[in-house]
Amino acid sequence: MELLNTSISYNIDGTGNTSSVIAGLRGEVEGRVTITANVTIYPTDLAEGTTFDDLSKKQLFALATKKLPALLPNLTYTNYQFFVQNDTPVRLTAYSNLSNNGSYITLNSTFNQSDFTDKAIESVGYEDVKSAVKTILTQEFPTS
């Protein structure tokens, strides 16, 4: 998955020092999975002796991208819906999100029958959706 940097936001404390940075990320897998994330980078994420002021936009983006795979397994699936054609479910879209430790992630995924080889799409449940998303994310982020 190619991730794009959509924003960088600096949080400044009362003494004028950068206390954290929020990097906006967006990526898509062939119209099947879309991730929009705001990943917070804390001083503990930086190499020893490094401050936020030492880092470029590209370096901050790289740190956020590195953090993203570890956050993805913690997604909460808020709902999913079936799309029906001629009274038959043909695909479903699942919506998930995470609001944890200052990072906010929204993941939307779309599946069809080929994603569920062991059961009919109309009998797919919550755990099946989680498993299908995990399969795609594992391919895109081998550590997730």
# chains A, B, ... in the order shown; residues from 1 in each chain; ligands from 1
call {"tool": "residues_around", "arguments": {"residues": "region 50-67 of chain A", "least_positions_apart": "2", "cutoff": "12 Å", "atoms": "only C-alpha atoms", "output": "JSON, numbers by chain"}}
result
{"A": [1, 2, 3, 4, 5, 6, 7, 8, 9, 10, 11, 12, 16, 17, 18, 19, 20, 21, 22, 23, 24, 25, 26, 27, 35, 36, 37, 38, 39, 40, 41, 42, 43, 44, 45, 46, 47, 48, 69, 70, 71, 72, 73, 101, 103, 104, 105, 141, 142, 143, 144]}
call {"tool": "select_by_dssp", "arguments": {"residues": "chain A", "states": "helix (DSSP H, G or I)", "output": "MDAnalysis selection string"}}
result
chainID A and resid 43:45 52:54 57:74 113:115 121:123 126:140
call {"tool": "write_last_selection", "arguments": {"atoms": "C-alpha atoms", "output": "tab-separated table (two decimals), in the first residue's frame"}}
result
chain	number	residue	atom	x	y	z
A	43	PRO	CA	9.18	12.06	21.94
A	44	THR	CA	9.52	8.39	22.93
A	45	ASP	CA	9.18	7.49	19.23
A	52	PHE	CA	11.08	17.12	16.57
A	53	ASP	CA	12.86	20.23	15.35
A	54	ASP	CA	15.66	18.01	14.02
A	57	LYS	CA	8.47	16.38	7.03
A	58	LYS	CA	9.67	13.22	5.24
A	59	GLN	CA	11.25	11.87	8.41
A	60	LEU	CA	8.10	12.54	10.45
A	61	PHE	CA	6.01	10.85	7.76
A	62	ALA	CA	8.36	7.84	7.90
A	63	LEU	CA	7.95	7.61	11.69
A	64	ALA	CA	4.15	7.71	11.41
A	65	THR	CA	4.19	5.12	8.63
A	66	LYS	CA	6.33	2.88	10.81
A	67	LYS	CA	3.82	3.17	13.71
A	68	LEU	CA	0.72	2.47	11.61
A	69	PRO	CA	1.00	-1.34	11.25
A	70	ALA	CA	1.17	-1.79	15.03
A	71	LEU	CA	-2.08	0.16	15.42
A	72	LEU	CA	-4.08	-1.69	12.75
A	73	PRO	CA	-4.74	-4.93	14.69
A	74	ASN	CA	-6.53	-2.84	17.34
A	113	GLN	CA	-17.72	-13.53	-2.60
A	114	SER	CA	-14.12	-14.28	-3.66
A	115	ASP	CA	-12.94	-13.02	-0.25
A	121	ILE	CA	-21.33	-13.89	1.38
A	122	GLU	CA	-24.84	-13.54	2.83
A	123	SER	CA	-23.80	-15.63	5.86
A	126	TYR	CA	-18.28	-10.00	12.20
A	127	GLU	CA	-15.35	-12.39	12.68
A	128	ASP	CA	-15.29	-13.20	8.94
A	129	VAL	CA	-15.03	-9.50	8.12
A	130	LYS	CA	-12.19	-9.03	10.64
A	131	SER	CA	-10.35	-12.01	9.16
A	132	ALA	CA	-10.74	-10.73	5.57
A	133	VAL	CA	-9.41	-7.30	6.55
A	134	LYS	CA	-6.51	-8.91	8.41
A	135	THR	CA	-5.63	-10.95	5.31
A	136	ILE	CA	-5.36	-7.81	3.18
A	137	LEU	CA	-3.48	-5.84	5.83
A	138	THR	CA	-1.01	-8.68	6.40
A	139	GLN	CA	-0.19	-8.60	2.69
A	140	GLU	CA	0.22	-4.82	2.70
call {"tool": "atom_distance", "arguments": {"atom1": "CA of Leu92 (chain A)", "atom2": "CA of Tyr77 (chain A)"}}
result
13.3 Å
call {"tool": "atom_distance", "arguments": {"atom1": "CA of Thr76 (chain A)", "atom2": "CA of Glu30 (chain A)"}}
result
22.3 Å
call {"tool": "atom_distance", "arguments": {"atom1": "CA of Val90 (chain A)", "atom2": "CA of Thr106 (chain A)"}}
result
23.4 Å
